[in-house]
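Text of the file protein_28.pdb, holding PDB, C-alpha atoms:
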```
ATOM      1  CA  MET A 311     -16.570  96.354 -76.716  1.00  0.00           C
ATOM      2  CA  ALA A 312     -18.648  94.674 -74.002  1.00  0.00           C
ATOM      3  CA  VAL A 313     -15.735  94.361 -71.571  1.00  0.00           C
ATOM      4  CA  PRO A 314     -14.783  98.057 -71.314  1.00  0.00           C
ATOM      5  CA  ALA A 315     -18.453  99.068 -71.404  1.00  0.00           C
ATOM      6  CA  ASN A 316     -19.323  96.894 -68.418  1.00  0.00           C
ATOM      7  CA  VAL A 317     -16.197  97.901 -66.518  1.00  0.00           C
ATOM      8  CA  ILE A 318     -17.072 101.581 -66.914  1.00  0.00           C
ATOM      9  CA  TYR A 319     -20.727 100.907 -66.130  1.00  0.00           C
ATOM     10  CA  PHE A 320     -20.376  98.833 -62.957  1.00  0.00           C
ATOM     11  CA  VAL A 321     -17.372 100.630 -61.517  1.00  0.00           C
ATOM     12  CA  GLY A 322     -19.002 103.956 -62.305  1.00  0.00           C
ATOM     13  CA  TYR A 323     -22.258 102.930 -60.662  1.00  0.00           C
ATOM     14  CA  ASP A 324     -20.667 101.684 -57.440  1.00  0.00           C
ATOM     15  CA  THR A 325     -18.349 104.683 -57.240  1.00  0.00           C
ATOM     16  CA  LEU A 326     -21.083 107.234 -57.807  1.00  0.00           C
ATOM     17  CA  ARG A 327     -23.609 105.549 -55.522  1.00  0.00           C
ATOM     18  CA  THR A 328     -21.222 105.494 -52.576  1.00  0.00           C
ATOM     19  CA  SER A 329     -19.769 108.964 -53.164  1.00  0.00           C
ATOM     20  CA  LEU A 330     -22.939 110.993 -53.672  1.00  0.00           C
ATOM     21  CA  PRO A 331     -23.584 113.697 -51.035  1.00  0.00           C
ATOM     22  CA  SER A 332     -25.437 112.519 -47.932  1.00  0.00           C
ATOM     23  CA  SER A 333     -28.098 115.158 -48.615  1.00  0.00           C
ATOM     24  CA  ILE A 334     -29.373 113.035 -51.514  1.00  0.00           C
ATOM     25  CA  PRO A 335     -32.100 110.617 -50.337  1.00  0.00           C
ATOM     26  CA  PRO A 336     -31.029 106.937 -50.432  1.00  0.00           C
ATOM     27  CA  THR A 337     -33.905 106.172 -52.773  1.00  0.00           C
ATOM     28  CA  LEU A 338     -32.576 108.648 -55.356  1.00  0.00           C
ATOM     29  CA  ALA A 339     -28.915 107.617 -55.184  1.00  0.00           C
ATOM     30  CA  PRO A 340     -29.352 104.462 -57.353  1.00  0.00           C
ATOM     31  CA  LEU A 341     -31.366 106.464 -59.894  1.00  0.00           C
ATOM     32  CA  ILE A 342     -28.728 109.175 -60.236  1.00  0.00           C
ATOM     33  CA  ALA A 343     -25.779 106.782 -60.163  1.00  0.00           C
ATOM     34  CA  GLY A 344     -27.361 104.363 -62.643  1.00  0.00           C
ATOM     35  CA  MET A 345     -28.255 107.032 -65.174  1.00  0.00           C
ATOM     36  CA  SER A 346     -24.891 108.781 -64.872  1.00  0.00           C
ATOM     37  CA  ALA A 347     -22.872 105.571 -65.147  1.00  0.00           C
ATOM     38  CA  ARG A 348     -24.792 104.460 -68.225  1.00  0.00           C
ATOM     39  CA  THR A 349     -24.296 107.868 -69.863  1.00  0.00           C
ATOM     40  CA  PHE A 350     -20.525 107.640 -69.314  1.00  0.00           C
ATOM     41  CA  ALA A 351     -20.359 104.049 -70.577  1.00  0.00           C
ATOM     42  CA  VAL A 352     -22.438 104.657 -73.707  1.00  0.00           C
ATOM     43  CA  ALA A 353     -20.524 107.825 -74.587  1.00  0.00           C
ATOM     44  CA  ALA A 354     -17.161 106.101 -74.121  1.00  0.00           C
ATOM     45  CA  ILE A 355     -18.062 103.077 -76.247  1.00  0.00           C
ATOM     46  CA  SER A 356     -19.989 104.918 -78.969  1.00  0.00           C
ATOM     47  CA  PRO A 357     -17.045 105.078 -81.431  1.00  0.00           C
ATOM     48  CA  LEU A 358     -16.539 101.311 -81.057  1.00  0.00           C
ATOM     49  CA  GLU A 359     -20.253 100.779 -81.611  1.00  0.00           C
ATOM     50  CA  LEU A 360     -20.040 102.808 -84.817  1.00  0.00           C
ATOM     51  CA  PHE A 361     -17.110 100.693 -86.004  1.00  0.00           C
ATOM     52  CA  ARG A 362     -18.885  97.423 -85.127  1.00  0.00           C
ATOM     53  CA  THR A 363     -22.066  98.463 -86.932  1.00  0.00           C
ATOM     54  CA  ARG A 364     -20.202  99.469 -90.091  1.00  0.00           C
ATOM     55  CA  LEU A 365     -18.114  96.310 -90.014  1.00  0.00           C
ATOM     56  CA  GLN A 366     -21.244  94.149 -89.824  1.00  0.00           C
ATOM     57  CA  ALA A 367     -22.893  96.064 -92.661  1.00  0.00           C
ATOM     58  CA  TYR A 368     -19.806  96.154 -94.909  1.00  0.00           C
ATOM     59  CA  HIS A 369     -20.066  94.330 -98.228  1.00  0.00           C
ATOM     60  CA  PRO A 370     -16.624  94.053 -99.858  1.00  0.00           C
ATOM     61  CA  THR A 371     -16.598  94.803-103.555  1.00  0.00           C
ATOM     62  CA  GLU A 372     -13.031  93.673-104.087  1.00  0.00           C
ATOM     63  CA  ASN A 373     -10.421  91.529-102.408  1.00  0.00           C
ATOM     64  CA  ARG A 374      -9.685  93.903 -99.538  1.00  0.00           C
ATOM     65  CA  SER A 375      -9.635  93.566 -95.779  1.00  0.00           C
ATOM     66  CA  SER A 376     -13.039  94.465 -94.335  1.00  0.00           C
ATOM     67  CA  PHE A 377     -11.379  95.738 -91.166  1.00  0.00           C
ATOM     68  CA  ARG A 378      -9.034  98.061 -93.046  1.00  0.00           C
ATOM     69  CA  SER A 379     -11.756  99.259 -95.425  1.00  0.00           C
ATOM     70  CA  VAL A 380     -14.118 100.169 -92.592  1.00  0.00           C
ATOM     71  CA  LEU A 381     -11.295 101.849 -90.684  1.00  0.00           C
ATOM     72  CA  GLU A 382     -10.428 103.938 -93.740  1.00  0.00           C
ATOM     73  CA  GLY A 383     -14.094 104.847 -94.139  1.00  0.00           C
ATOM     74  CA  ILE A 384     -14.328 106.058 -90.555  1.00  0.00           C
ATOM     75  CA  SER A 385     -11.083 108.006 -90.944  1.00  0.00           C
ATOM     76  CA  SER A 386     -12.564 109.758 -93.977  1.00  0.00           C
ATOM     77  CA  LEU A 387     -15.713 110.474 -92.010  1.00  0.00           C
ATOM     78  CA  VAL A 388     -13.713 112.125 -89.235  1.00  0.00           C
ATOM     79  CA  ARG A 389     -11.722 114.218 -91.727  1.00  0.00           C
ATOM     80  CA  GLU A 390     -14.892 115.424 -93.439  1.00  0.00           C
ATOM     81  CA  GLN A 391     -17.227 115.874 -90.458  1.00  0.00           C
ATOM     82  CA  GLY A 392     -14.946 116.091 -87.438  1.00  0.00           C
ATOM     83  CA  LEU A 393     -14.592 113.968 -84.309  1.00  0.00           C
ATOM     84  CA  ARG A 394     -18.257 114.452 -83.415  1.00  0.00           C
ATOM     85  CA  SER A 395     -19.154 112.081 -86.225  1.00  0.00           C
ATOM     86  CA  LEU A 396     -17.793 109.201 -84.097  1.00  0.00           C
ATOM     87  CA  TRP A 397     -20.713 109.735 -81.721  1.00  0.00           C
ATOM     88  CA  ARG A 398     -23.375 109.572 -84.430  1.00  0.00           C
ATOM     89  CA  GLY A 399     -26.451 107.808 -83.080  1.00  0.00           C
ATOM     90  CA  LEU A 400     -25.498 108.458 -79.464  1.00  0.00           C
ATOM     91  CA  GLU A 401     -28.765 110.269 -78.770  1.00  0.00           C
ATOM     92  CA  LEU A 402     -30.810 107.253 -79.851  1.00  0.00           C
ATOM     93  CA  THR A 403     -28.970 104.937 -77.473  1.00  0.00           C
ATOM     94  CA  LEU A 404     -29.118 107.367 -74.560  1.00  0.00           C
ATOM     95  CA  TRP A 405     -32.885 107.765 -74.935  1.00  0.00           C
ATOM     96  CA  ARG A 406     -33.282 104.041 -74.252  1.00  0.00           C
ATOM     97  CA  ASP A 407     -30.376 103.032 -72.022  1.00  0.00           C
ATOM     98  CA  VAL A 408     -30.226 105.925 -69.556  1.00  0.00           C
ATOM     99  CA  PRO A 409     -33.862 105.684 -68.346  1.00  0.00           C
ATOM    100  CA  PHE A 410     -33.535 101.887 -68.288  1.00  0.00           C
ATOM    101  CA  SER A 411     -30.487 102.030 -66.025  1.00  0.00           C
ATOM    102  CA  GLY A 412     -32.085 104.525 -63.662  1.00  0.00           C
ATOM    103  CA  ILE A 413     -35.240 102.432 -63.307  1.00  0.00           C
ATOM    104  CA  TYR A 414     -33.304  99.170 -63.041  1.00  0.00           C
ATOM    105  CA  TRP A 415     -30.930 100.209 -60.282  1.00  0.00           C
ATOM    106  CA  THR A 416     -33.626 102.007 -58.306  1.00  0.00           C
ATOM    107  CA  GLY A 417     -35.816  98.902 -58.394  1.00  0.00           C
ATOM    108  CA  TYR A 418     -32.904  96.565 -57.712  1.00  0.00           C
ATOM    109  CA  GLU A 419     -31.670  98.385 -54.622  1.00  0.00           C
ATOM    110  CA  TYR A 420     -35.218  98.887 -53.315  1.00  0.00           C
ATOM    111  CA  LEU A 421     -36.139  95.210 -53.673  1.00  0.00           C
ATOM    112  CA  ARG A 422     -32.866  94.000 -52.164  1.00  0.00           C
ATOM    113  CA  HIS A 423     -33.463  96.261 -49.180  1.00  0.00           C
ATOM    114  CA  LYS A 424     -37.061  95.028 -48.744  1.00  0.00           C
ATOM    115  CA  PHE A 425     -36.038  91.386 -49.082  1.00  0.00           C
ATOM    116  CA  LYS A 426     -33.468  91.826 -46.328  1.00  0.00           C
ATOM    117  CA  GLN A 427     -35.775  93.893 -44.150  1.00  0.00           C
ATOM    118  CA  HIS A 428     -38.564  91.309 -44.223  1.00  0.00           C
ATOM    119  CA  GLU A 429     -36.210  88.308 -44.350  1.00  0.00           C
ATOM    120  CA  VAL A 430     -37.899  86.971 -47.462  1.00  0.00           C
ATOM    121  CA  PHE A 431     -35.041  84.633 -48.365  1.00  0.00           C
ATOM    122  CA  ARG A 432     -33.836  83.595 -44.930  1.00  0.00           C
ATOM    123  CA  ARG A 433     -32.804  79.977 -44.554  1.00  0.00           C
ATOM    124  CA  GLY A 434     -31.285  78.602 -41.359  1.00  0.00           C
ATOM    125  CA  GLY A 435     -30.488  82.085 -40.095  1.00  0.00           C
ATOM    126  CA  GLU A 436     -28.436  83.011 -43.165  1.00  0.00           C
ATOM    127  CA  ALA A 437     -29.525  85.405 -45.880  1.00  0.00           C
ATOM    128  CA  GLY A 438     -30.120  83.904 -49.310  1.00  0.00           C
ATOM    129  CA  PHE A 439     -27.945  86.420 -51.126  1.00  0.00           C
ATOM    130  CA  PHE A 440     -28.261  84.653 -54.446  1.00  0.00           C
ATOM    131  CA  GLU A 441     -32.063  84.554 -54.290  1.00  0.00           C
ATOM    132  CA  GLU A 442     -32.250  88.199 -53.240  1.00  0.00           C
ATOM    133  CA  ALA A 443     -30.052  89.447 -56.065  1.00  0.00           C
ATOM    134  CA  PHE A 444     -31.531  87.153 -58.706  1.00  0.00           C
ATOM    135  CA  THR A 445     -35.156  87.981 -57.894  1.00  0.00           C
ATOM    136  CA  ALA A 446     -34.501  91.707 -57.518  1.00  0.00           C
ATOM    137  CA  GLY A 447     -32.587  91.777 -60.790  1.00  0.00           C
ATOM    138  CA  TRP A 448     -35.238  89.845 -62.696  1.00  0.00           C
ATOM    139  CA  ALA A 449     -38.156  91.929 -61.384  1.00  0.00           C
ATOM    140  CA  SER A 450     -36.503  95.318 -61.815  1.00  0.00           C
ATOM    141  CA  GLY A 451     -35.147  94.355 -65.231  1.00  0.00           C
ATOM    142  CA  THR A 452     -38.610  93.346 -66.401  1.00  0.00           C
ATOM    143  CA  LEU A 453     -40.121  96.596 -65.113  1.00  0.00           C
ATOM    144  CA  ALA A 454     -37.368  98.704 -66.682  1.00  0.00           C
ATOM    145  CA  ALA A 455     -37.749  96.898 -70.028  1.00  0.00           C
ATOM    146  CA  PHE A 456     -41.513  97.472 -69.995  1.00  0.00           C
ATOM    147  CA  LEU A 457     -41.315 101.173 -69.125  1.00  0.00           C
ATOM    148  CA  THR A 458     -38.591 101.907 -71.683  1.00  0.00           C
ATOM    149  CA  GLN A 459     -39.989  99.769 -74.514  1.00  0.00           C
ATOM    150  CA  PRO A 460     -41.387 102.846 -76.345  1.00  0.00           C
ATOM    151  CA  PHE A 461     -37.848 104.258 -76.463  1.00  0.00           C
ATOM    152  CA  ASP A 462     -36.520 100.977 -77.849  1.00  0.00           C
ATOM    153  CA  VAL A 463     -39.238 100.856 -80.521  1.00  0.00           C
ATOM    154  CA  SER A 464     -38.572 104.480 -81.442  1.00  0.00           C
ATOM    155  CA  LYS A 465     -34.822 103.869 -81.615  1.00  0.00           C
ATOM    156  CA  THR A 466     -35.300 100.985 -84.029  1.00  0.00           C
ATOM    157  CA  ARG A 467     -37.830 102.856 -86.163  1.00  0.00           C
ATOM    158  CA  ARG A 468     -35.749 106.004 -86.312  1.00  0.00           C
ATOM    159  CA  GLN A 469     -32.681 104.090 -87.456  1.00  0.00           C
ATOM    160  CA  VAL A 470     -34.556 102.770 -90.485  1.00  0.00           C
ATOM    161  CA  TYR A 471     -37.080 105.570 -91.027  1.00  0.00           C
ATOM    162  CA  SER A 472     -36.584 107.496 -94.263  1.00  0.00           C
ATOM    163  CA  GLY A 473     -39.095 110.286 -93.714  1.00  0.00           C
ATOM    164  CA  ALA A 474     -37.637 113.770 -93.449  1.00  0.00           C
ATOM    165  CA  ASP A 475     -40.293 114.907 -90.972  1.00  0.00           C
ATOM    166  CA  VAL A 476     -38.963 112.735 -88.156  1.00  0.00           C
ATOM    167  CA  THR A 477     -36.347 114.793 -86.363  1.00  0.00           C
ATOM    168  CA  SER A 478     -36.697 113.631 -82.771  1.00  0.00           C
ATOM    169  CA  THR A 479     -37.436 110.534 -80.754  1.00  0.00           C
ATOM    170  CA  VAL A 480     -40.374 112.169 -78.981  1.00  0.00           C
ATOM    171  CA  ARG A 481     -41.995 113.165 -82.277  1.00  0.00           C
ATOM    172  CA  LEU A 482     -41.565 109.667 -83.661  1.00  0.00           C
ATOM    173  CA  MET A 483     -43.155 108.181 -80.535  1.00  0.00           C
ATOM    174  CA  GLY A 484     -46.125 110.456 -81.087  1.00  0.00           C
ATOM    175  CA  MET A 485     -46.409 109.341 -84.712  1.00  0.00           C
ATOM    176  CA  ILE A 486     -46.315 105.672 -83.744  1.00  0.00           C
ATOM    177  CA  ARG A 487     -49.010 106.192 -81.132  1.00  0.00           C
ATOM    178  CA  GLN A 488     -51.179 108.100 -83.588  1.00  0.00           C
ATOM    179  CA  GLU A 489     -50.839 105.562 -86.397  1.00  0.00           C
ATOM    180  CA  GLU A 490     -50.723 102.286 -84.477  1.00  0.00           C
ATOM    181  CA  GLY A 491     -52.253 103.103 -81.115  1.00  0.00           C
ATOM    182  CA  ILE A 492     -50.642 102.805 -77.709  1.00  0.00           C
ATOM    183  CA  ARG A 493     -49.888  99.119 -78.321  1.00  0.00           C
ATOM    184  CA  GLY A 494     -47.597 100.072 -81.178  1.00  0.00           C
ATOM    185  CA  LEU A 495     -45.131 101.550 -78.692  1.00  0.00           C
ATOM    186  CA  TRP A 496     -44.803  98.178 -76.963  1.00  0.00           C
ATOM    187  CA  LYS A 497     -44.265  96.029 -80.040  1.00  0.00           C
ATOM    188  CA  GLY A 498     -41.605  93.411 -79.455  1.00  0.00           C
ATOM    189  CA  PHE A 499     -41.736  93.721 -75.677  1.00  0.00           C
ATOM    190  CA  VAL A 500     -41.930  89.977 -74.988  1.00  0.00           C
ATOM    191  CA  PRO A 501     -38.769  89.057 -76.957  1.00  0.00           C
ATOM    192  CA  ARG A 502     -36.911  91.984 -75.404  1.00  0.00           C
ATOM    193  CA  MET A 503     -38.087  91.045 -71.914  1.00  0.00           C
ATOM    194  CA  LEU A 504     -37.021  87.428 -72.424  1.00  0.00           C
ATOM    195  CA  LYS A 505     -33.565  88.710 -73.314  1.00  0.00           C
ATOM    196  CA  VAL A 506     -33.204  91.531 -70.795  1.00  0.00           C
ATOM    197  CA  ALA A 507     -34.755  90.075 -67.617  1.00  0.00           C
ATOM    198  CA  PRO A 508     -32.452  87.015 -67.320  1.00  0.00           C
ATOM    199  CA  ALA A 509     -29.415  89.164 -68.104  1.00  0.00           C
ATOM    200  CA  CYS A 510     -30.376  91.630 -65.381  1.00  0.00           C
ATOM    201  CA  ALA A 511     -30.988  88.776 -62.972  1.00  0.00           C
ATOM    202  CA  ILE A 512     -27.492  87.307 -63.286  1.00  0.00           C
ATOM    203  CA  MET A 513     -25.263  90.304 -64.005  1.00  0.00           C
ATOM    204  CA  TYR A 514     -25.060  91.531 -60.400  1.00  0.00           C
ATOM    205  CA  VAL A 515     -25.570  88.287 -58.474  1.00  0.00           C
ATOM    206  CA  PRO A 516     -22.909  88.012 -55.733  1.00  0.00           C
ATOM    207  CA  PHE A 517     -21.354  84.592 -56.166  1.00  0.00           C
TER     208      PHE A 517
END
```

Rewrite the coordinates I just gave you, this time as structure tokens.
Amino acid sequence: MAVPANVIYFVGYDTLRTSLPSSIPPTLAPLIAGMSARTFAVAAISPLELFRTRLQAYHPTENRSSFRSVLEGISSLVREQGLRSLWRGLELTLWRDVPFSGIYWTGYEYLRHKFKQHEVFRRGGEAGFFEEAFTAGWASGTLAAFLTQPFDVSKTRRQVYSGADVTSTVRLMGMIRQEEGIRGLWKGFVPRMLKVAPACAIMYVPF
């Protein structure tokens, strides 16, 4: 699942960023390309994500193949509720991943440009490409994780919330803020940052 998702994501980002109309400001191109590429990638992989989630949660009650049992369950779901059922939960993922990608790529491209402009990582007349990409990725990944943490908290809560009154991510965010204060929307930020920031730092480093 990760391989096709990343192929769609990175190829989509580079393609969109370089093919956007020249009338779009350079500072907005990474934002638009990042958000669009992530939307395409998440939508394309959503059925596989559904299958993976059900396979992990499956508890066999008899001596049957878990893979086949889950596949039959999804087939029944499609017959009963249509193909749209394969994209169940897509909204929750988009709420978190699309803003994250837009913020990440905007920050990444901006920092890389500033590092080159001010020769921050110049050594012996040659640009420190690794340092530029790694630092820009780490910083922008941390910022994106911080700004989108409320969406991540809401996504997790909504997946396990049993109340019938919660019908949207925005409403749930408001409930969390009302009940737990503004800090409740940033619960779990440190573990998420420790996971996300290093990944963002190395995923686009030009070796």

The PyMOL selection byres ((chain A and resi 448) around 6) applied to the shown file, residues as a list in words:
Thr445, Ala446, Gly447, Ala449, Ser450, Gly451, Ala507, Cys510 and Ala511 of chain A

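Minimum distance to A:Arg348 across A:Gly399, A:Pro314, A:Gly322, A:Gly494 (counting only C-alpha atoms) occurs at A:Gly322.
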
As a check of understanding, name the residues that the PyMOL selection byres ((chain A and resi 317) around 12) selects in the supplied structure, as number ranges by chain.
A: 311-316, 318-325, 347-348, 350-352, 354-355

Can you tell me how far atom CA of A:Pro331 sits from atom CA of A:Thr349, in Å to one decimal?
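Computed distance, atom CA of A:Pro331 to atom CA of A:Thr349, equals 19.7 Å.
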
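Using only C-alpha atoms, the shortest contact distance between A:Leu396 and any of A:Ala443, A:Leu365, A:Leu358, A:Leu381 is found at A:Leu358.
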
Hey, could you patch up stretch 315-342 of chain A with N, CA and C atoms and hand it over as a JSON list (two decimals), in the frame of the given file?
```json
[["chain", "number", "residue", "atom", "x", "y", "z"],
["A", 315, "ALA", "N", -17.16, 98.45, -71.71],
["A", 315, "ALA", "CA", -18.45, 99.07, -71.40],
["A", 315, "ALA", "C", -18.95, 98.66, -70.03],
["A", 316, "ASN", "N", -18.85, 97.37, -69.71],
["A", 316, "ASN", "CA", -19.32, 96.89, -68.42],
["A", 316, "ASN", "C", -18.42, 97.33, -67.28],
["A", 317, "VAL", "N", -17.12, 97.41, -67.55],
["A", 317, "VAL", "CA", -16.20, 97.90, -66.52],
["A", 317, "VAL", "C", -16.55, 99.34, -66.15],
["A", 318, "ILE", "N", -16.71, 100.18, -67.16],
["A", 318, "ILE", "CA", -17.07, 101.58, -66.91],
["A", 318, "ILE", "C", -18.43, 101.67, -66.20],
["A", 319, "TYR", "N", -19.36, 100.85, -66.65],
["A", 319, "TYR", "CA", -20.73, 100.91, -66.13],
["A", 319, "TYR", "C", -20.78, 100.51, -64.66],
["A", 320, "PHE", "N", -20.26, 99.33, -64.33],
["A", 320, "PHE", "CA", -20.38, 98.83, -62.96],
["A", 320, "PHE", "C", -19.49, 99.59, -61.98],
["A", 321, "VAL", "N", -18.26, 99.86, -62.39],
["A", 321, "VAL", "CA", -17.37, 100.63, -61.52],
["A", 321, "VAL", "C", -17.92, 102.04, -61.32],
["A", 322, "GLY", "N", -18.42, 102.62, -62.40],
["A", 322, "GLY", "CA", -19.00, 103.96, -62.30],
["A", 322, "GLY", "C", -20.21, 103.98, -61.39],
["A", 323, "TYR", "N", -21.06, 102.97, -61.51],
["A", 323, "TYR", "CA", -22.26, 102.93, -60.66],
["A", 323, "TYR", "C", -21.89, 102.83, -59.19],
["A", 324, "ASP", "N", -21.04, 101.87, -58.85],
["A", 324, "ASP", "CA", -20.67, 101.68, -57.44],
["A", 324, "ASP", "C", -19.96, 102.92, -56.89],
["A", 325, "THR", "N", -19.08, 103.50, -57.69],
["A", 325, "THR", "CA", -18.35, 104.68, -57.24],
["A", 325, "THR", "C", -19.29, 105.86, -57.00],
["A", 326, "LEU", "N", -20.17, 106.11, -57.94],
["A", 326, "LEU", "CA", -21.08, 107.23, -57.81],
["A", 326, "LEU", "C", -22.08, 107.02, -56.67],
["A", 327, "ARG", "N", -22.59, 105.81, -56.55],
["A", 327, "ARG", "CA", -23.61, 105.55, -55.52],
["A", 327, "ARG", "C", -23.07, 105.75, -54.11],
["A", 328, "THR", "N", -21.80, 105.38, -53.91],
["A", 328, "THR", "CA", -21.22, 105.49, -52.58],
["A", 328, "THR", "C", -20.59, 106.86, -52.31],
["A", 329, "SER", "N", -20.43, 107.67, -53.35],
["A", 329, "SER", "CA", -19.77, 108.96, -53.16],
["A", 329, "SER", "C", -20.70, 110.15, -53.31],
["A", 330, "LEU", "N", -21.98, 109.89, -53.56],
["A", 330, "LEU", "CA", -22.94, 110.99, -53.67],
["A", 330, "LEU", "C", -23.11, 111.68, -52.31],
["A", 331, "PRO", "N", -23.40, 112.97, -52.30],
["A", 331, "PRO", "CA", -23.58, 113.70, -51.04],
["A", 331, "PRO", "C", -24.68, 113.06, -50.17],
["A", 332, "SER", "N", -24.48, 113.12, -48.87],
["A", 332, "SER", "CA", -25.44, 112.52, -47.93],
["A", 332, "SER", "C", -26.80, 113.22, -47.96],
["A", 333, "SER", "N", -26.83, 114.43, -48.53],
["A", 333, "SER", "CA", -28.10, 115.16, -48.62],
["A", 333, "SER", "C", -29.06, 114.54, -49.62],
["A", 334, "ILE", "N", -28.53, 113.70, -50.52],
["A", 334, "ILE", "CA", -29.37, 113.04, -51.51],
["A", 334, "ILE", "C", -30.06, 111.84, -50.86],
["A", 335, "PRO", "N", -31.39, 111.74, -50.95],
["A", 335, "PRO", "CA", -32.10, 110.62, -50.34],
["A", 335, "PRO", "C", -31.60, 109.28, -50.86],
["A", 336, "PRO", "N", -31.52, 108.25, -50.00],
["A", 336, "PRO", "CA", -31.03, 106.94, -50.43],
["A", 336, "PRO", "C", -31.82, 106.35, -51.59],
["A", 337, "THR", "N", -33.10, 106.71, -51.68],
["A", 337, "THR", "CA", -33.90, 106.17, -52.77],
["A", 337, "THR", "C", -33.55, 106.78, -54.13],
["A", 338, "LEU", "N", -32.96, 107.98, -54.11],
["A", 338, "LEU", "CA", -32.58, 108.65, -55.36],
["A", 338, "LEU", "C", -31.15, 108.32, -55.79],
["A", 339, "ALA", "N", -30.31, 107.89, -54.86],
["A", 339, "ALA", "CA", -28.92, 107.62, -55.18],
["A", 339, "ALA", "C", -28.76, 106.58, -56.30],
["A", 340, "PRO", "N", -29.48, 105.43, -56.25],
["A", 340, "PRO", "CA", -29.35, 104.46, -57.35],
["A", 340, "PRO", "C", -29.81, 105.03, -58.70],
["A", 341, "LEU", "N", -30.86, 105.86, -58.66],
["A", 341, "LEU", "CA", -31.37, 106.46, -59.89],
["A", 341, "LEU", "C", -30.31, 107.36, -60.53],
["A", 342, "ILE", "N", -29.73, 108.24, -59.73],
["A", 342, "ILE", "CA", -28.73, 109.18, -60.24],
["A", 342, "ILE", "C", -27.47, 108.44, -60.68]]
```
